[in-house]
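Asker: Have a look at this one before I ask anything.
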Amino acid sequence: MAPAMANPLLSDRVACSTKVPSSHVRAVGDRPDLANVDHESGAGIPLIDLKQLDGPGRRRVVEAIGSACENDGFFMVTNHGISEAVVEGLLSVAREFFHLPESERLKCYSDDPRRRSGCRRASTCARRRQVVGTYSTEARALALRLLEAISESLGLERGHMVKAMGRHGQHMAVNYYPPCPQPELTYGLPGHKDPNAITLLLQDGVSGLQVQRDGRWVAVNPVPNALVINIGDQLQSVNHRVIVNSQSERISVPTFYCPSPDTVVAPADALVDDANPQAYRPFTYQEYYEEFWKMGLQSASCLDRFRRIE
């Protein structure tokens, strides 16, 4: 008989422990340094109201989005078009799943990303599909609106980026961070940059996301009814991480919007001239994505691998 598999679900291991598993303890020089984080000011992470994005105030909103992309790489949006009911429905489904007994969650466990996990209860599965599907559809619509605004902010045609990305790709993750008995020793997710074009992040009411700005980590505290937006490496990403806490569980739902794998990524011709030469060689998104995962989650940008050498 094969030996029993060690419990792969970290949330269940830490639930009955006063210590972080040794496999998750970071080296002394690679710990969060929670005392040196800006929790109060937000350090200028912009909050943009999208109410006028399709109205007479569009130009002002487009300029705000362009400025946030250029100077911050991260911003939050309100009046984004995804209803509170859809958002709460998704968070409810996520909590429901992660609060299932361990034996039920293990039925969906796999360390093979190609495997599709089945749902054993048809009615529950149908409800989850409906809730997740509705949110995904509305998140895609928002991503397209934001990409159009970013195109305009660069002086390009509104549809330039949407067209340049080819067939597009959309991926969604539902992340569960259990209370951690020693949050100063580990991360929910270490510092990294996103490989895609644009990421839409839904947070519950628990803080955890932090963005690096001027060498200091800044907490992106949740704002009611707001989503966090960050540009990915295809538009030049910003280093960010997730920390955990000892008191509360946290759920976040990132939607990663991507070019199609065969899309050739390069700056628009209108943006390149003698004063603004092309910094990176053209590459396909598939080429970049494979190189990104070879590197793993590191602070250094994968983009440097594609920098042009004169």
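Residue numbering restarts at 1 for every chain of the structure tokens, chains are lettered A, B, ... in their displayed order, and ligands are numbered from 1 as they appear.
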As a VMD selection string, list the residues of segment 147-247 of chain A assigned to strand (DSSP E) by DSSP on the backbone atoms of this structure.
Answerer: chain A and resid 169 to 172 175 to 177 189 to 192 198 to 203 209 to 213 216 to 219 227 to 231 240 to 242
Asker: I'd like the contact shell of segment 51-68 of chain A - 9 Å cut-off, only C-alpha atoms, skipping same-chain residues fewer than 5 positions apart - returned as a list in words.
Answerer: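 Residues meeting the cut-off are Ile45, Pro46, Gly73, Phe74, Phe75, Thr78, Asn79, His80, Gly81, Arg145, Leu146, Ala149, Ile150, Ser151, Glu152, Ser153 and Leu154 of chain A.
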Asker: Can you write out the residues you just picked, keeping N, CA and C atoms, as an mmCIF file, in the first residue's frame?
Answerer:
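Result file is result-v8.cif:
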data_model
loop_
_atom_site.group_PDB
_atom_site.id
_atom_site.type_symbol
_atom_site.label_atom_id
_atom_site.label_comp_id
_atom_site.auth_asym_id
_atom_site.auth_seq_id
_atom_site.Cartn_x
_atom_site.Cartn_y
_atom_site.Cartn_z
ATOM 1 N N ILE A 45 -1.576 56.185 -3.709
ATOM 2 C CA ILE A 45 -2.244 55.218 -4.590
ATOM 3 C C ILE A 45 -3.568 55.835 -5.020
ATOM 4 N N PRO A 46 -3.741 56.150 -6.298
ATOM 5 C CA PRO A 46 -4.924 56.927 -6.712
ATOM 6 C C PRO A 46 -6.231 56.137 -6.569
ATOM 7 N N GLY A 73 1.409 52.658 -11.390
ATOM 8 C CA GLY A 73 1.241 51.260 -11.793
ATOM 9 C C GLY A 73 0.077 50.580 -11.118
ATOM 10 N N PHE A 74 -0.449 51.204 -10.068
ATOM 11 C CA PHE A 74 -1.601 50.700 -9.320
ATOM 12 C C PHE A 74 -2.581 51.834 -9.096
ATOM 13 N N PHE A 75 -3.874 51.519 -9.146
ATOM 14 C CA PHE A 75 -4.889 52.480 -8.741
ATOM 15 C C PHE A 75 -6.152 51.708 -8.369
ATOM 16 N N THR A 78 -13.789 53.128 -8.402
ATOM 17 C CA THR A 78 -15.162 53.001 -7.935
ATOM 18 C C THR A 78 -16.107 53.240 -9.106
ATOM 19 N N ASN A 79 -17.385 52.927 -8.913
ATOM 20 C CA ASN A 79 -18.366 53.043 -10.000
ATOM 21 C C ASN A 79 -17.858 52.329 -11.253
ATOM 22 N N HIS A 80 -17.368 51.110 -11.035
ATOM 23 C CA HIS A 80 -16.725 50.344 -12.108
ATOM 24 C C HIS A 80 -17.690 49.497 -12.924
ATOM 25 N N GLY A 81 -18.943 49.432 -12.512
ATOM 26 C CA GLY A 81 -19.931 48.721 -13.302
ATOM 27 C C GLY A 81 -20.217 47.298 -12.868
ATOM 28 N N ARG A 145 -12.797 48.263 -21.078
ATOM 29 C CA ARG A 145 -12.989 49.713 -20.921
ATOM 30 C C ARG A 145 -11.703 50.380 -20.438
ATOM 31 N N LEU A 146 -11.014 49.729 -19.513
ATOM 32 C CA LEU A 146 -9.774 50.305 -18.992
ATOM 33 C C LEU A 146 -8.669 50.310 -20.043
ATOM 34 N N ALA A 149 -9.241 53.155 -22.291
ATOM 35 C CA ALA A 149 -8.852 54.419 -21.658
ATOM 36 C C ALA A 149 -7.338 54.585 -21.650
ATOM 37 N N ILE A 150 -6.614 53.503 -21.384
ATOM 38 C CA ILE A 150 -5.152 53.574 -21.380
ATOM 39 C C ILE A 150 -4.645 53.910 -22.781
ATOM 40 N N SER A 151 -5.238 53.302 -23.803
ATOM 41 C CA SER A 151 -4.859 53.626 -25.182
ATOM 42 C C SER A 151 -5.040 55.115 -25.453
ATOM 43 N N GLU A 152 -6.195 55.634 -25.092
ATOM 44 C CA GLU A 152 -6.466 57.057 -25.319
ATOM 45 C C GLU A 152 -5.479 57.941 -24.562
ATOM 46 N N SER A 153 -5.125 57.531 -23.338
ATOM 47 C CA SER A 153 -4.215 58.348 -22.530
ATOM 48 C C SER A 153 -2.840 58.465 -23.172
ATOM 49 N N LEU A 154 -2.498 57.521 -24.039
ATOM 50 C CA LEU A 154 -1.217 57.534 -24.750
ATOM 51 C C LEU A 154 -1.306 58.245 -26.096
#
Asker: If you count only C-alpha atoms, which residues fall within 12 Å of segment 127-140 of chain A, apart from same-chain ones fewer than 2 positions away, as a PyMOL selection string?
Answerer: chain A and resi 80-97+118-119+121-125+142-147+162+168-174+198-202+227-229+253-258
Asker: Which residue gives the smallest distance to Gly296 of chain A among A:Asp214, A:Asp38, A:Asp194, A:Glu70, with only C-alpha atoms counted?
Answerer: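 Closest to Gly296 of chain A of all the choices is A:Asp194.
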Asker: Go through A:Phe306, A:Tyr280, A:Thr263, A:Asn245 one by one, measure the shortest atom-to-atom distance of each to Thr186 of chain A using only C-alpha atoms, and give the residue with the smallest value.
Answerer: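 Among the listed residues, the smallest separation from Thr186 of chain A belongs to A:Asn245.
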Asker: Would you list, as a count of residues only, the residues of segment 128-239 of chain A that end up in alpha helix (DSSP H) under DSSP run on this structure's backbone?
Answerer: 31
Asker: Restricting the calculation to only C-alpha atoms: of A:Val14, A:Pro21, A:Leu156, A:Leu47, which residue gets closest to Val77 of chain A?
Answerer: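 Of all the options, A:Leu47 lies closest to Val77 of chain A.
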Asker: Separation of atom CA of Leu235 of chain A and atom CA of Gly215 of chain A, in Å?
Answerer: 20.7 Å
Asker: Nearest to Ala27 of chain A: which of A:Ala226, A:Leu185, A:Asp273, A:Leu209 is it, counting only C-alpha atoms?
Answerer: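 Closest to Ala27 of chain A, using only C-alpha atoms: A:Leu185.
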